[in-house]
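Chemist: Got a structure for you, questions after.
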Amino acid sequence: MSTFVNYAAIFPLTTLGHYIHWHFIQISVANLTVIVLMVIAFIAALVLPFPGRSRRKENR
Amino acid sequence: MSKKNFRPDVDAAPWKGGYSPYDIVKEATIALVIVALLTVILATLFGSPDEPAITIKTWSNAAPVDFAVTALSELNGTSGVAQYGAPYNTASKGQALGPLTLAKWVGPRIPVNTVTDFVIDPLKALPDQPLLTQGLKKWKNASHATRQSWVTNYTKASNKMTFTNGAIVVNATNAGPVPLFIDDLTQMAQSGALDQALVTQAGFYTTDYTLPLLFLADGSYLANQAARQHLTGDQWGMMNETGNYPGQAWLWLYTFWYQVAPFNSSGNGDVLVWGLMMALSAGLLLTPFIPGLRSIPRKTRVYRLIWREHYQSVEES
Amino acid sequence: MSYSEIERQWTTRLRRRFVRLLPPEKLLPDNQPTYVSSWIYVFGVTTLSALMVVIASGCVLAIRGPQWWHTSSVGHFVNSLHLWSVEIFFFAMVVHLWGKYFMAAWRGGRSMTWMTGVVTFLVSIATAFTGYVSQTNFDSQWIATQAKDGINATGAGAYFNVLNMGQMLMWHIVLLPLVAVLLTALHVLLVRVKGVVPPFEEHAKVNA
């Protein structure tokens with residue numbers, strides 16, 4: 001057993017999972033978080049301004 | 001390409017507009033550094049799950065009656081594996097996708113005989129057991145009908161099975177060596193020797209855990225632990241991970257079908273869901289060629305957000 | 001060796017074909033069309049970067065073998081790197097897929113780019129699956145014993161035995177990563193060959 005690095009996660013997620021029940025849908029809080037973050041990332045990518053606008057204007 | 005046969009969802013005129021300087025290697029390097037850093041942060045914060053594997057030893061000590069009942073079901077041919085069909089045996093014709101019985105056509109290429117593989121052969125491996133050796137000899141010399149009769153008589157009495165003073169107790173008559181087999185197999189399991197025997201049947205070196213996994217899955221203990229962790233089929237378990245970790249969220253659509261009719265009650269549920277997912281995957285793959293599906297991007301105009309700077313400059317000019 | 005003999009060589013013909021298809025300035029361009037001006041475009045390279053971290057962390061796990069992470073803190077940390085880079089990989093790949101769909105990125109002869117992307121997505125799911133059943137812990141026991149029913153029902157279970165850890169591990173670390181990397185390379189080269197898909201035309205046009 002290696003004791004070179006005594007690694008333990010700061011917030012280990014090893015306790016029994018939390019689940020959300022809605023009609024016949026059951027989803028873990030963890031999975032729902034991931035999916036919500038994906039949607040946020042997608043929308044943010046669509047609406048946030050992209051740098052380099054003036055340079056592109058010069059080159060059009 | 002003339003105006004009239006230009007298909008806006010299929011064709012795109014080559015770009016005749018401007019180009020801007022762009023450092024592709026620098027962008028890739030920045031992306032790699034950011035992703036690597038994010039991975040290290042997530043790993044440091046949350047770690048990863050590692051629920052220890054369940055052994056047959058664990059199972060038989062925690063739930064000896066469940067183990068013994070499972071061993072009996074292997075002997076009397078009522079277990080999941082005994083009735084499975086291909087690829088383990090020919091007990092059932094298996095699932096059908098319309099007229100296609102795919103598994104049956106391929107046949108039992110991973111043969112499992114639940115009587116010999118799970119009960120008789122492991123017991124033969126036990127040393128210094130004169131009573132057991134006698135019992136095994138009696139079993140070997142008995143006719144098929146006699147063996148059936150012993151097993152049936154034991155099965156009839158098994159609903160009152162108890163685990164008392166370290167032994168499986170069933171008040172059965174005319175059950176031949178079956179009570180001895182079930183009790184000895186339970187003790188063998190509780191010592192850890194059955195885990196070993198099931199794996200080394202193929203030889204010294206093996207990385208094939210087919211037998212111990214099938215045996216575990218035939219019992220209730222493994223499934224009960226899974227239900228605790230929200231991993232069973234009717235809990236959308238395919239998407240889930242043990243603990244509070246994110247799982248395989250990308251399997252959401254695969255597991256969705258198992259929650260709804262007709263898949264959730266059909267004996268052919270697995271092959272039906274697989275067939276449907278193959279069809280949907282083909283749809284995704286062939287989107288460029290499917291009218292309607294390939295028009296949604298143009299009609300929903302989400303692209304107006306992506307290329308708004310371009311459209312603004314076109315409108316300005 | 002005469003000039004015409006050199007021209008007829010497979011080597012010469014292959015090289016000329018490749019250079020014609022993908023000259024250096026197209027393979028590693030120093031500019032891009034001005035319409036590439038959205039954050040949605042970063043998800044492709046993010047997916048690629050995550051794939052590199054997945055492979056690198058996987059290589060480290062391979063150095064000490066499949067049991068290492070159960071008994072070593074360092075091993076467990078490397079396993080955590082592998083898990084989270086996989087989550088980032090799928091996160092970025094799916095957002096990339098959403099973006100590419102809404103751009104109808106198959107237009108203008110780019111259907112192969114789309115299709116190689118979809119196949120890579122499906123191969124990635126299979127790769128992740130073989131990884132999950134190679135964990136040698138309770139999760140892999142459960143996933144394998146459940147998945148066997150779906151795979152057995154197709155007939156493939158007779159040859160692709162999810163309960164055979166050795167077989168699954170080799171698919172996970174050899175066969176599927178090879179296919180995934182080759183498909184990814186093909187996908188990226190197709191983007192370089194065809195260019196990034198231009199915006200939808202909003203006005204009537206006549207094209208040459």
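Ligands are numbered from 1 in the order shown, chains are lettered A, B, ... in the order of the structure tokens, and residues start at 1 in each chain.
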Identify every residue of chain A that has at least one atom within 7 Å of any atom of chain B, counting only C-alpha atoms, and report the result as a PyMOL selection string.
Modeler: chain A and resi 9-18+26+30-31+46-47+56+59-60
Chemist: Counting only C-alpha atoms, which residues from chain A have an atom at most 12 Å from any atom of chain C, and could you show them as a PyMOL selection string?
Modeler: chain A and resi 1-10+12-13+30-31+33-60
Chemist: Please tabulate, as a Markdown table, the residues of chain C that come within 7 Å of chain B, each with its closest pair of atoms and the distance in Å to one decimal, counting only C-alpha atoms and ordering rows by chain, then residue number upward.
Modeler:
```
| residue | atom | partner | partner_atom | distance |
| --- | --- | --- | --- | --- |
| C:Asp30 | CA | B:Tyr22 | CA | 5.1 |
| C:Asn31 | CA | B:Pro21 | CA | 4.1 |
| C:Gln32 | CA | B:Tyr19 | CA | 5.2 |
| C:Pro33 | CA | B:Tyr19 | CA | 4.2 |
| C:Thr34 | CA | B:Tyr19 | CA | 5.1 |
| C:Tyr35 | CA | B:His310 | CA | 5.4 |
| C:Ser38 | CA | B:Ile306 | CA | 5.8 |
| C:Val45 | CA | B:Ala28 | CA | 6.3 |
| C:Thr46 | CA | B:Ala31 | CA | 5.8 |
| C:Ser49 | CA | B:Leu32 | CA | 4.7 |
| C:Ala50 | CA | B:Val35 | CA | 6.1 |
| C:Val53 | CA | B:Ala36 | CA | 6.4 |
| C:Phe77 | CA | B:Gly47 | CA | 6.6 |
| C:Ser80 | CA | B:Ser48 | CA | 4.9 |
| C:Leu81 | CA | B:Ala43 | CA | 5.4 |
| C:Leu83 | CA | B:Ser48 | CA | 7.0 |
| C:Trp84 | CA | B:Thr39 | CA | 5.7 |
| C:Ser85 | CA | B:Thr39 | CA | 5.6 |
| C:Tyr101 | CA | B:Pro297 | CA | 6.7 |
| C:Phe102 | CA | B:Pro297 | CA | 4.5 |
| C:Met103 | CA | B:Tyr303 | CA | 5.7 |
| C:Ala104 | CA | B:Pro297 | CA | 6.0 |
| C:Trp106 | CA | B:Pro288 | CA | 6.0 |
| C:Arg107 | CA | B:Val10 | CA | 4.6 |
| C:Gly108 | CA | B:Ala12 | CA | 4.2 |
| C:Ser111 | CA | B:Pro288 | CA | 6.1 |
| C:Met115 | CA | B:Leu285 | CA | 5.4 |
| C:Val118 | CA | B:Leu285 | CA | 5.7 |
| C:Thr136 | CA | B:Ala53 | CA | 6.9 |
| C:Asn137 | CA | B:Ala53 | CA | 4.2 |
| C:Phe138 | CA | B:Ala53 | CA | 4.0 |
| C:Asp139 | CA | B:Glu51 | CA | 6.9 |
| C:Gln141 | CA | B:Leu213 | CA | 6.9 |
| C:Thr145 | CA | B:Ala217 | CA | 6.4 |
| C:Asp149 | CA | B:Asp270 | CA | 6.8 |
| C:Gly150 | CA | B:Asp270 | CA | 4.9 |
| C:Asn152 | CA | B:Ala103 | CA | 6.3 |
| C:Ala153 | CA | B:Val271 | CA | 5.3 |
| C:Thr154 | CA | B:Leu102 | CA | 5.5 |
| C:Gly155 | CA | B:Ala103 | CA | 3.9 |
| C:Gly157 | CA | B:Pro87 | CA | 6.8 |
| C:Ala158 | CA | B:Pro87 | CA | 5.2 |
| C:Leu163 | CA | B:Thr210 | CA | 4.9 |
| C:Asn164 | CA | B:Asp208 | CA | 4.2 |
| C:Met165 | CA | B:Asp208 | CA | 5.7 |
| C:Gly166 | CA | B:Thr207 | CA | 4.8 |
| C:Pro198 | CA | B:Trp15 | CA | 6.5 |
| C:Pro199 | CA | B:Trp307 | CA | 6.6 |
| C:Lys205 | CA | B:Lys3 | CA | 6.6 |
| C:Val206 | CA | B:Lys3 | CA | 5.1 |
| C:Asn207 | CA | B:Met1 | CA | 5.8 |
| C:Ala208 | CA | B:Met1 | CA | 6.0 |
```
Chemist: As a PyMOL selection string, please: every residue in region 148-256 of chain B that a backbone DSSP assignment puts in alpha helix (DSSP H).
Modeler: chain B and resi 148-157+178-191+193-200+210-218+221-228+252-256
Chemist: Keeping only N, CA and C atoms, take the residues you just selected and write them out as a short mmCIF file (atom, residue, chain, number, x, y, z; two decimals), in the first residue's frame.
Modeler:
```
data_model
loop_
_atom_site.label_atom_id
_atom_site.label_comp_id
_atom_site.auth_asym_id
_atom_site.auth_seq_id
_atom_site.Cartn_x
_atom_site.Cartn_y
_atom_site.Cartn_z
N GLN B 148 -33.81 -36.16 -9.91
CA GLN B 148 -34.94 -35.22 -9.99
C GLN B 148 -35.83 -35.34 -8.76
N SER B 149 -36.07 -36.58 -8.38
CA SER B 149 -36.97 -36.84 -7.25
C SER B 149 -36.37 -36.29 -5.96
N TRP B 150 -35.05 -36.51 -5.73
CA TRP B 150 -34.38 -35.96 -4.55
C TRP B 150 -34.51 -34.44 -4.51
N VAL B 151 -34.20 -33.83 -5.64
CA VAL B 151 -34.20 -32.36 -5.72
C VAL B 151 -35.62 -31.82 -5.50
N THR B 152 -36.61 -32.49 -6.09
CA THR B 152 -38.00 -32.03 -5.95
C THR B 152 -38.43 -32.12 -4.49
N ASN B 153 -38.09 -33.23 -3.83
CA ASN B 153 -38.49 -33.40 -2.42
C ASN B 153 -37.84 -32.34 -1.54
N TYR B 154 -36.59 -32.04 -1.83
CA TYR B 154 -35.89 -31.01 -1.06
C TYR B 154 -36.51 -29.64 -1.33
N THR B 155 -36.82 -29.39 -2.58
CA THR B 155 -37.40 -28.09 -2.96
C THR B 155 -38.73 -27.87 -2.25
N LYS B 156 -39.54 -28.92 -2.17
CA LYS B 156 -40.87 -28.80 -1.52
C LYS B 156 -40.71 -28.37 -0.06
N ALA B 157 -39.65 -28.85 0.60
CA ALA B 157 -39.47 -28.55 2.02
C ALA B 157 -38.67 -27.26 2.23
N VAL B 178 -28.87 -34.34 -1.41
CA VAL B 178 -29.12 -32.91 -1.69
C VAL B 178 -28.97 -32.01 -0.46
N PRO B 179 -29.53 -32.39 0.71
CA PRO B 179 -29.34 -31.54 1.89
C PRO B 179 -27.87 -31.34 2.21
N LEU B 180 -27.08 -32.40 2.09
CA LEU B 180 -25.64 -32.33 2.34
C LEU B 180 -24.97 -31.39 1.34
N PHE B 181 -25.36 -31.50 0.06
CA PHE B 181 -24.77 -30.66 -0.98
C PHE B 181 -25.01 -29.19 -0.65
N ILE B 182 -26.27 -28.86 -0.34
CA ILE B 182 -26.62 -27.45 -0.13
C ILE B 182 -25.91 -26.90 1.09
N ASP B 183 -25.88 -27.70 2.16
CA ASP B 183 -25.22 -27.24 3.39
C ASP B 183 -23.71 -27.10 3.17
N ASP B 184 -23.10 -28.12 2.55
CA ASP B 184 -21.65 -28.07 2.32
C ASP B 184 -21.28 -26.94 1.37
N LEU B 185 -22.12 -26.72 0.37
CA LEU B 185 -21.82 -25.64 -0.59
C LEU B 185 -21.89 -24.29 0.11
N THR B 186 -22.84 -24.15 1.04
CA THR B 186 -22.96 -22.90 1.79
C THR B 186 -21.72 -22.67 2.64
N GLN B 187 -21.27 -23.74 3.29
CA GLN B 187 -20.06 -23.59 4.12
C GLN B 187 -18.84 -23.31 3.26
N MET B 188 -18.79 -23.95 2.10
CA MET B 188 -17.69 -23.70 1.17
C MET B 188 -17.71 -22.23 0.72
N ALA B 189 -18.92 -21.72 0.47
CA ALA B 189 -19.06 -20.33 0.06
C ALA B 189 -18.60 -19.40 1.18
N GLN B 190 -19.01 -19.71 2.40
CA GLN B 190 -18.69 -18.83 3.54
C GLN B 190 -17.21 -18.81 3.85
N SER B 191 -16.50 -19.85 3.44
CA SER B 191 -15.06 -19.88 3.69
C SER B 191 -14.28 -19.14 2.61
N ALA B 193 -13.84 -20.46 -0.38
CA ALA B 193 -13.32 -21.46 -1.31
C ALA B 193 -14.16 -21.56 -2.59
N LEU B 194 -15.44 -21.22 -2.52
CA LEU B 194 -16.28 -21.31 -3.71
C LEU B 194 -15.93 -20.22 -4.73
N ASP B 195 -15.60 -19.01 -4.23
CA ASP B 195 -15.15 -17.94 -5.14
C ASP B 195 -14.00 -18.46 -5.98
N GLN B 196 -13.05 -19.07 -5.29
CA GLN B 196 -11.85 -19.58 -5.95
C GLN B 196 -12.18 -20.71 -6.92
N ALA B 197 -13.01 -21.66 -6.45
CA ALA B 197 -13.33 -22.84 -7.27
C ALA B 197 -14.03 -22.45 -8.57
N LEU B 198 -14.92 -21.46 -8.50
CA LEU B 198 -15.67 -21.06 -9.70
C LEU B 198 -14.77 -20.40 -10.73
N VAL B 199 -13.73 -19.75 -10.27
CA VAL B 199 -12.86 -19.03 -11.19
C VAL B 199 -11.77 -19.95 -11.74
N THR B 200 -11.25 -20.86 -10.90
CA THR B 200 -10.14 -21.68 -11.37
C THR B 200 -10.58 -22.95 -12.09
N THR B 210 -17.19 -15.20 -15.56
CA THR B 210 -18.56 -15.55 -15.97
C THR B 210 -19.30 -16.34 -14.89
N LEU B 211 -18.69 -17.42 -14.38
CA LEU B 211 -19.41 -18.27 -13.42
C LEU B 211 -19.74 -17.56 -12.10
N PRO B 212 -18.76 -16.98 -11.40
CA PRO B 212 -19.14 -16.33 -10.15
C PRO B 212 -20.11 -15.16 -10.34
N LEU B 213 -20.00 -14.43 -11.45
CA LEU B 213 -20.91 -13.31 -11.67
C LEU B 213 -22.33 -13.81 -11.94
N LEU B 214 -22.45 -14.87 -12.74
CA LEU B 214 -23.79 -15.41 -13.02
C LEU B 214 -24.43 -15.92 -11.73
N PHE B 215 -23.63 -16.60 -10.90
CA PHE B 215 -24.14 -17.14 -9.65
C PHE B 215 -24.63 -16.00 -8.74
N LEU B 216 -23.79 -14.96 -8.61
CA LEU B 216 -24.15 -13.79 -7.81
C LEU B 216 -25.45 -13.16 -8.31
N ALA B 217 -25.55 -13.03 -9.63
CA ALA B 217 -26.72 -12.36 -10.20
C ALA B 217 -28.00 -13.17 -10.05
N ASP B 218 -27.86 -14.49 -9.86
CA ASP B 218 -29.05 -15.33 -9.67
C ASP B 218 -29.64 -15.15 -8.28
N TYR B 221 -28.97 -10.93 -3.17
CA TYR B 221 -28.09 -10.03 -2.40
C TYR B 221 -27.49 -8.93 -3.27
N LEU B 222 -26.95 -9.31 -4.43
CA LEU B 222 -26.34 -8.33 -5.34
C LEU B 222 -27.37 -7.27 -5.75
N ALA B 223 -28.55 -7.76 -6.12
CA ALA B 223 -29.61 -6.84 -6.57
C ALA B 223 -30.07 -5.92 -5.44
N ASN B 224 -30.10 -6.44 -4.21
CA ASN B 224 -30.50 -5.59 -3.07
C ASN B 224 -29.50 -4.48 -2.84
N GLN B 225 -28.21 -4.81 -2.96
CA GLN B 225 -27.18 -3.77 -2.81
C GLN B 225 -27.31 -2.74 -3.92
N ALA B 226 -27.63 -3.22 -5.13
CA ALA B 226 -27.78 -2.30 -6.26
C ALA B 226 -28.98 -1.38 -6.06
N ALA B 227 -30.07 -1.93 -5.54
CA ALA B 227 -31.27 -1.11 -5.31
C ALA B 227 -30.99 -0.03 -4.29
N ARG B 228 -30.18 -0.36 -3.29
CA ARG B 228 -29.78 0.62 -2.27
C ARG B 228 -29.06 1.80 -2.92
N TRP B 252 -29.16 8.30 -20.99
CA TRP B 252 -30.51 8.66 -20.56
C TRP B 252 -31.58 8.10 -21.50
N LEU B 253 -31.36 8.18 -22.82
CA LEU B 253 -32.40 7.74 -23.74
C LEU B 253 -32.50 6.23 -23.78
N TYR B 254 -31.36 5.55 -23.62
CA TYR B 254 -31.36 4.08 -23.61
C TYR B 254 -32.19 3.57 -22.44
N THR B 255 -31.94 4.16 -21.24
CA THR B 255 -32.66 3.68 -20.06
C THR B 255 -34.11 4.18 -20.02
N PHE B 256 -34.38 5.31 -20.69
CA PHE B 256 -35.74 5.86 -20.73
C PHE B 256 -36.76 4.82 -21.22
#
```
Chemist: CA of Leu51 (chain C) and CA of Trp171 (chain C) are how many Å apart?
Modeler: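 Taking CA of Leu51 (chain C) as the start and CA of Trp171 (chain C) as the end point, the length is 16.9 Å.
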Chemist: By how many Å are CA of Ser79 (chain B) and CA of Val133 (chain C) apart?
Modeler: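 Result for CA of Ser79 (chain B) versus CA of Val133 (chain C): 23.5 Å, one decimal.
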Chemist: How far is it from CA of Gln83 (chain B) to CA of Ile168 (chain B), in Å with one decimal?
Modeler: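 The value is 25.1 Å.
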